[in-house]
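input34.pdb follows (PDB, N, CA and C atoms):
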```
ATOM      1  N   THR R 256     -25.414 113.180 -34.257
ATOM      2  CA  THR R 256     -26.601 113.744 -34.861
ATOM      3  C   THR R 256     -27.803 113.451 -33.975
ATOM      4  N   ARG R 257     -28.879 114.108 -34.255
ATOM      5  CA  ARG R 257     -30.104 113.876 -33.488
ATOM      6  C   ARG R 257     -30.607 112.437 -33.680
ATOM      7  N   GLY R 258     -30.479 111.938 -34.889
ATOM      8  CA  GLY R 258     -30.903 110.562 -35.160
ATOM      9  C   GLY R 258     -30.115 109.553 -34.351
ATOM     10  N   ALA R 259     -28.816 109.763 -34.217
ATOM     11  CA  ALA R 259     -27.977 108.860 -33.418
ATOM     12  C   ALA R 259     -28.373 108.916 -31.954
ATOM     13  N   ALA R 260     -28.664 110.100 -31.461
ATOM     14  CA  ALA R 260     -29.071 110.248 -30.057
ATOM     15  C   ALA R 260     -30.389 109.519 -29.791
ATOM     16  N   ILE R 261     -31.331 109.642 -30.703
ATOM     17  CA  ILE R 261     -32.617 108.953 -30.554
ATOM     18  C   ILE R 261     -32.414 107.442 -30.586
ATOM     19  N   ALA R 262     -31.573 106.976 -31.498
ATOM     20  CA  ALA R 262     -31.310 105.539 -31.612
ATOM     21  C   ALA R 262     -30.646 104.994 -30.347
ATOM     22  N   LEU R 263     -29.674 105.720 -29.806
ATOM     23  CA  LEU R 263     -28.995 105.258 -28.593
ATOM     24  C   LEU R 263     -29.938 105.263 -27.395
ATOM     25  N   LEU R 264     -30.810 106.267 -27.296
ATOM     26  CA  LEU R 264     -31.804 106.288 -26.221
ATOM     27  C   LEU R 264     -32.758 105.111 -26.364
ATOM     28  N   GLY R 265     -33.205 104.843 -27.588
ATOM     29  CA  GLY R 265     -34.088 103.701 -27.822
ATOM     30  C   GLY R 265     -33.430 102.392 -27.441
ATOM     31  N   LYS R 266     -32.158 102.249 -27.756
ATOM     32  CA  LYS R 266     -31.422 101.028 -27.410
ATOM     33  C   LYS R 266     -31.288 100.893 -25.890
ATOM     34  N   ALA R 267     -31.012 101.995 -25.203
ATOM     35  CA  ALA R 267     -30.911 101.961 -23.740
ATOM     36  C   ALA R 267     -32.246 101.554 -23.117
ATOM     37  N   LEU R 268     -33.338 102.071 -23.656
ATOM     38  CA  LEU R 268     -34.663 101.711 -23.150
ATOM     39  C   LEU R 268     -34.962 100.232 -23.381
ATOM     40  N   LEU R 269     -34.512  99.693 -24.510
ATOM     41  CA  LEU R 269     -34.689  98.259 -24.769
ATOM     42  C   LEU R 269     -33.974  97.417 -23.717
ATOM     43  N   TYR R 270     -32.735  97.789 -23.404
ATOM     44  CA  TYR R 270     -31.961  97.047 -22.401
ATOM     45  C   TYR R 270     -32.600  97.125 -21.021
ATOM     46  N   GLN R 271     -33.343  98.197 -20.761
ATOM     47  CA  GLN R 271     -34.014  98.350 -19.471
ATOM     48  C   GLN R 271     -35.374  97.656 -19.445
ATOM     49  N   GLY R 272     -35.780  97.099 -20.572
ATOM     50  CA  GLY R 272     -37.056  96.398 -20.646
ATOM     51  C   GLY R 272     -38.247  97.329 -20.795
ATOM     52  N   LYS R 273     -38.024  98.562 -21.147
ATOM     53  CA  LYS R 273     -39.087  99.551 -21.341
ATOM     54  C   LYS R 273     -39.461  99.566 -22.825
ATOM     55  N   TYR R 274     -40.138  98.505 -23.230
ATOM     56  CA  TYR R 274     -40.370  98.265 -24.650
ATOM     57  C   TYR R 274     -41.275  99.292 -25.314
ATOM     58  N   ALA R 275     -42.322  99.730 -24.634
ATOM     59  CA  ALA R 275     -43.236 100.711 -25.225
ATOM     60  C   ALA R 275     -42.525 102.041 -25.440
ATOM     61  N   GLN R 276     -41.731 102.459 -24.465
ATOM     62  CA  GLN R 276     -40.989 103.712 -24.597
ATOM     63  C   GLN R 276     -39.924 103.602 -25.694
ATOM     64  N   ALA R 277     -39.279 102.442 -25.769
ATOM     65  CA  ALA R 277     -38.263 102.226 -26.803
ATOM     66  C   ALA R 277     -38.901 102.283 -28.185
ATOM     67  N   GLN R 278     -40.055 101.666 -28.324
ATOM     68  CA  GLN R 278     -40.731 101.683 -29.620
ATOM     69  C   GLN R 278     -41.089 103.108 -30.025
ATOM     70  N   ALA R 279     -41.557 103.897 -29.074
ATOM     71  CA  ALA R 279     -41.908 105.287 -29.382
ATOM     72  C   ALA R 279     -40.684 106.075 -29.838
ATOM     73  N   GLN R 280     -39.548 105.859 -29.185
ATOM     74  CA  GLN R 280     -38.323 106.554 -29.570
ATOM     75  C   GLN R 280     -37.853 106.112 -30.957
ATOM     76  N   LEU R 281     -37.751 104.808 -31.150
ATOM     77  CA  LEU R 281     -37.207 104.277 -32.392
ATOM     78  C   LEU R 281     -38.124 104.516 -33.589
ATOM     79  N   GLN R 282     -39.421 104.612 -33.346
ATOM     80  CA  GLN R 282     -40.382 104.866 -34.425
ATOM     81  C   GLN R 282     -40.121 106.223 -35.071
ATOM     82  N   GLN R 283     -39.561 107.159 -34.305
ATOM     83  CA  GLN R 283     -39.256 108.490 -34.843
ATOM     84  C   GLN R 283     -38.267 108.421 -36.013
ATOM     85  N   LEU R 284     -37.400 107.414 -35.998
ATOM     86  CA  LEU R 284     -36.366 107.301 -37.020
ATOM     87  C   LEU R 284     -36.916 106.893 -38.387
ATOM     88  N   LEU R 285     -38.156 106.438 -38.416
ATOM     89  CA  LEU R 285     -38.766 106.005 -39.673
ATOM     90  C   LEU R 285     -39.604 107.091 -40.335
ATOM     91  N   ALA R 286     -39.698 108.255 -39.688
ATOM     92  CA  ALA R 286     -40.496 109.357 -40.218
ATOM     93  C   ALA R 286     -39.601 110.560 -40.506
ATOM     94  N   ALA R 287     -40.140 111.515 -41.261
ATOM     95  CA  ALA R 287     -39.387 112.739 -41.577
ATOM     96  C   ALA R 287     -39.047 113.468 -40.284
ATOM     97  N   PRO R 288     -37.911 114.093 -40.180
ATOM     98  CA  PRO R 288     -36.931 114.412 -41.203
ATOM     99  C   PRO R 288     -35.884 113.322 -41.405
ATOM    100  N   PHE R 289     -36.028 112.194 -40.749
ATOM    101  CA  PHE R 289     -35.045 111.117 -40.856
ATOM    102  C   PHE R 289     -35.380 110.228 -42.044
ATOM    103  N   ASN R 290     -34.365 109.578 -42.599
ATOM    104  CA  ASN R 290     -34.597 108.693 -43.747
ATOM    105  C   ASN R 290     -33.906 107.344 -43.537
ATOM    106  N   TYR R 291     -33.892 106.868 -42.301
ATOM    107  CA  TYR R 291     -33.275 105.572 -42.011
ATOM    108  C   TYR R 291     -34.184 104.445 -42.473
ATOM    109  N   ALA R 292     -33.584 103.388 -42.994
ATOM    110  CA  ALA R 292     -34.324 102.215 -43.456
ATOM    111  C   ALA R 292     -33.329 101.067 -43.594
ATOM    112  N   LEU R 293     -33.837  99.871 -43.778
ATOM    113  CA  LEU R 293     -32.954  98.736 -44.008
ATOM    114  C   LEU R 293     -32.284  98.892 -45.370
ATOM    115  N   ALA R 294     -31.038  98.524 -45.441
ATOM    116  CA  ALA R 294     -30.293  98.614 -46.698
ATOM    117  C   ALA R 294     -30.840  97.597 -47.695
ATOM    118  N   ALA R 295     -30.850  97.980 -48.957
ATOM    119  CA  ALA R 295     -31.345  97.079 -49.999
ATOM    120  C   ALA R 295     -30.465  95.838 -50.104
ATOM    121  N   ASN R 296     -29.163  96.006 -49.907
ATOM    122  CA  ASN R 296     -28.225  94.894 -49.960
ATOM    123  C   ASN R 296     -27.494  94.823 -48.622
ATOM    124  N   PHE R 297     -27.717  93.765 -47.854
ATOM    125  CA  PHE R 297     -27.142  93.631 -46.519
ATOM    126  C   PHE R 297     -25.619  93.723 -46.539
ATOM    127  N   ASP R 298     -24.994  93.202 -47.571
ATOM    128  CA  ASP R 298     -23.523  93.218 -47.662
ATOM    129  C   ASP R 298     -22.958  94.631 -47.733
ATOM    130  N   ASP R 299     -23.756  95.588 -48.179
ATOM    131  CA  ASP R 299     -23.288  96.968 -48.255
ATOM    132  C   ASP R 299     -22.940  97.527 -46.873
ATOM    133  N   ASN R 300     -23.522  96.963 -45.821
ATOM    134  CA  ASN R 300     -23.221  97.410 -44.462
ATOM    135  C   ASN R 300     -21.780  97.116 -44.076
ATOM    136  N   PHE R 301     -21.134  96.217 -44.781
ATOM    137  CA  PHE R 301     -19.777  95.802 -44.454
ATOM    138  C   PHE R 301     -18.769  96.145 -45.541
ATOM    139  N   THR R 302     -19.192  96.980 -46.493
ATOM    140  CA  THR R 302     -18.308  97.423 -47.563
ATOM    141  C   THR R 302     -17.600  98.696 -47.116
ATOM    142  N   ALA R 303     -16.279  98.699 -47.195
ATOM    143  CA  ALA R 303     -15.486  99.838 -46.731
ATOM    144  C   ALA R 303     -15.903 101.128 -47.417
ATOM    145  N   GLY R 304     -16.134 102.153 -46.614
ATOM    146  CA  GLY R 304     -16.442 103.473 -47.141
ATOM    147  C   GLY R 304     -17.838 103.654 -47.678
ATOM    148  N   LYS R 305     -18.702 102.660 -47.540
ATOM    149  CA  LYS R 305     -20.048 102.761 -48.091
ATOM    150  C   LYS R 305     -21.051 103.054 -46.978
ATOM    151  N   LEU R 306     -21.725 104.173 -47.095
ATOM    152  CA  LEU R 306     -22.778 104.525 -46.145
ATOM    153  C   LEU R 306     -24.111 104.066 -46.718
ATOM    154  N   THR R 307     -24.939 103.492 -45.874
ATOM    155  CA  THR R 307     -26.261 103.045 -46.309
ATOM    156  C   THR R 307     -27.319 103.756 -45.483
ATOM    157  N   THR R 308     -28.577 103.577 -45.855
ATOM    158  CA  THR R 308     -29.674 104.161 -45.079
ATOM    159  C   THR R 308     -29.818 103.479 -43.728
ATOM    160  N   GLU R 309     -29.107 102.372 -43.536
ATOM    161  CA  GLU R 309     -29.131 101.645 -42.274
ATOM    162  C   GLU R 309     -28.108 102.206 -41.282
ATOM    163  N   SER R 310     -27.206 103.039 -41.757
ATOM    164  CA  SER R 310     -26.137 103.584 -40.930
ATOM    165  C   SER R 310     -26.674 104.698 -40.045
ATOM    166  N   ILE R 311     -26.615 104.484 -38.744
ATOM    167  CA  ILE R 311     -27.057 105.503 -37.804
ATOM    168  C   ILE R 311     -25.856 106.122 -37.109
ATOM    169  N   PHE R 312     -25.003 105.287 -36.543
ATOM    170  CA  PHE R 312     -23.832 105.797 -35.841
ATOM    171  C   PHE R 312     -22.709 104.778 -35.932
ATOM    172  N   TYR R 313     -21.601 105.171 -36.489
ATOM    173  CA  TYR R 313     -20.409 104.346 -36.464
ATOM    174  C   TYR R 313     -19.221 105.201 -36.865
ATOM    175  N   VAL R 314     -18.064 104.708 -36.574
ATOM    176  CA  VAL R 314     -16.831 105.409 -36.900
ATOM    177  C   VAL R 314     -16.122 104.606 -37.979
ATOM    178  N   GLN R 315     -15.813 105.250 -39.086
ATOM    179  CA  GLN R 315     -15.089 104.563 -40.148
ATOM    180  C   GLN R 315     -13.629 104.434 -39.737
ATOM    181  N   HIS R 316     -13.083 103.273 -39.978
ATOM    182  CA  HIS R 316     -11.712 102.988 -39.579
ATOM    183  C   HIS R 316     -10.985 102.316 -40.736
ATOM    184  N   LYS R 317      -9.790 102.765 -40.993
ATOM    185  CA  LYS R 317      -9.003 102.152 -42.054
ATOM    186  C   LYS R 317      -7.948 101.248 -41.428
ATOM    187  N   TRP R 318      -7.991  99.994 -41.773
ATOM    188  CA  TRP R 318      -7.026  99.019 -41.265
ATOM    189  C   TRP R 318      -5.713  99.204 -41.999
ATOM    190  N   VAL R 319      -4.620  99.396 -41.238
ATOM    191  CA  VAL R 319      -3.319  99.559 -41.858
ATOM    192  C   VAL R 319      -2.319  98.515 -41.388
ATOM    193  N   GLY R 320      -2.651  97.780 -40.369
ATOM    194  CA  GLY R 320      -1.738  96.731 -39.893
ATOM    195  C   GLY R 320      -1.934  96.483 -38.403
ATOM    196  N   TRP R 321      -1.341  95.418 -37.932
ATOM    197  CA  TRP R 321      -1.489  95.032 -36.530
ATOM    198  C   TRP R 321      -0.884  96.057 -35.568
ATOM    199  N   ASP R 322       0.108  96.779 -36.008
ATOM    200  CA  ASP R 322       0.800  97.708 -35.121
ATOM    201  C   ASP R 322       0.335  99.155 -35.289
ATOM    202  N   GLN R 323      -0.684  99.401 -36.123
ATOM    203  CA  GLN R 323      -1.151 100.761 -36.369
ATOM    204  C   GLN R 323      -2.665 100.811 -36.410
ATOM    205  N   GLY R 324      -3.177 102.016 -36.270
ATOM    206  CA  GLY R 324      -4.593 102.231 -36.461
ATOM    207  C   GLY R 324      -5.429 101.941 -35.281
TER     208      GLY R 324
END
```
Would you write the structure of this file as structure tokens?
Amino acid sequence: TRGAAIALLGKALLYQGKYAQAQAQLQQLLAAPFNYALAANFDDNFTAGKLTTESIFYVQHKWVGWDQG
């Protein structure tokens, strides 16, 4: 999504030490049309199948065993 692309660019700029540019990129995620924010309950970020407003980019994975998945 566009939000994920902006977040990844902001993260890359942070690693390069370009803090002002990173802030400008990441600040976009807090305004419309995006609705990213910190989750009300931090534990929800680690609950299987639960998407929060903190979720920008990740792949859901179902654990089925050591030899699968």
Evaluate the PyMOL selection byres ((chain R and resi 304-318) around 8) and report residues as a list in words: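 With the PyMOL selection byres ((chain R and resi 304-318) around 8) on this model, the match is Thr256, Gly258, Ala259, Ala260, Ala262, Asn290, Tyr291, Ala292, Leu293, Ala294, Ala295, Asp299, Asn300, Phe301, Thr302, Ala303, Val319, Gly320, Trp321, Gln323 and Gly324 of chain R.
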Nearby residues (only N, CA and C atoms) at most 8 Å from Lys266 in chain R, same-chain spacing under 6 positions excluded, as a PyMOL selection string: chain R and resi 260+272+277-278+280-281
Distance of CA of Leu284 in chain R from CA of Ala267 in chain R, expressed in Å to one decimal place: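 Between CA of Ala267 in chain R and CA of Leu284 in chain R the gap is 15.3 Å.
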Å distance separating atom N of Phe297 in chain R from atom N of Tyr270 in chain R, one decimal place: 25.3 Å
Backbone-only DSSP, helix (DSSP H, G or I) members of chain R, as an NGL selection string: :R and (257-270 or 274-285 or 297-301)
Atom C of Gln271 in chain R to CA of Arg257 in chain R, straight-line distance in Å: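 Rounded to one decimal, the two atoms are 22.1 Å apart.
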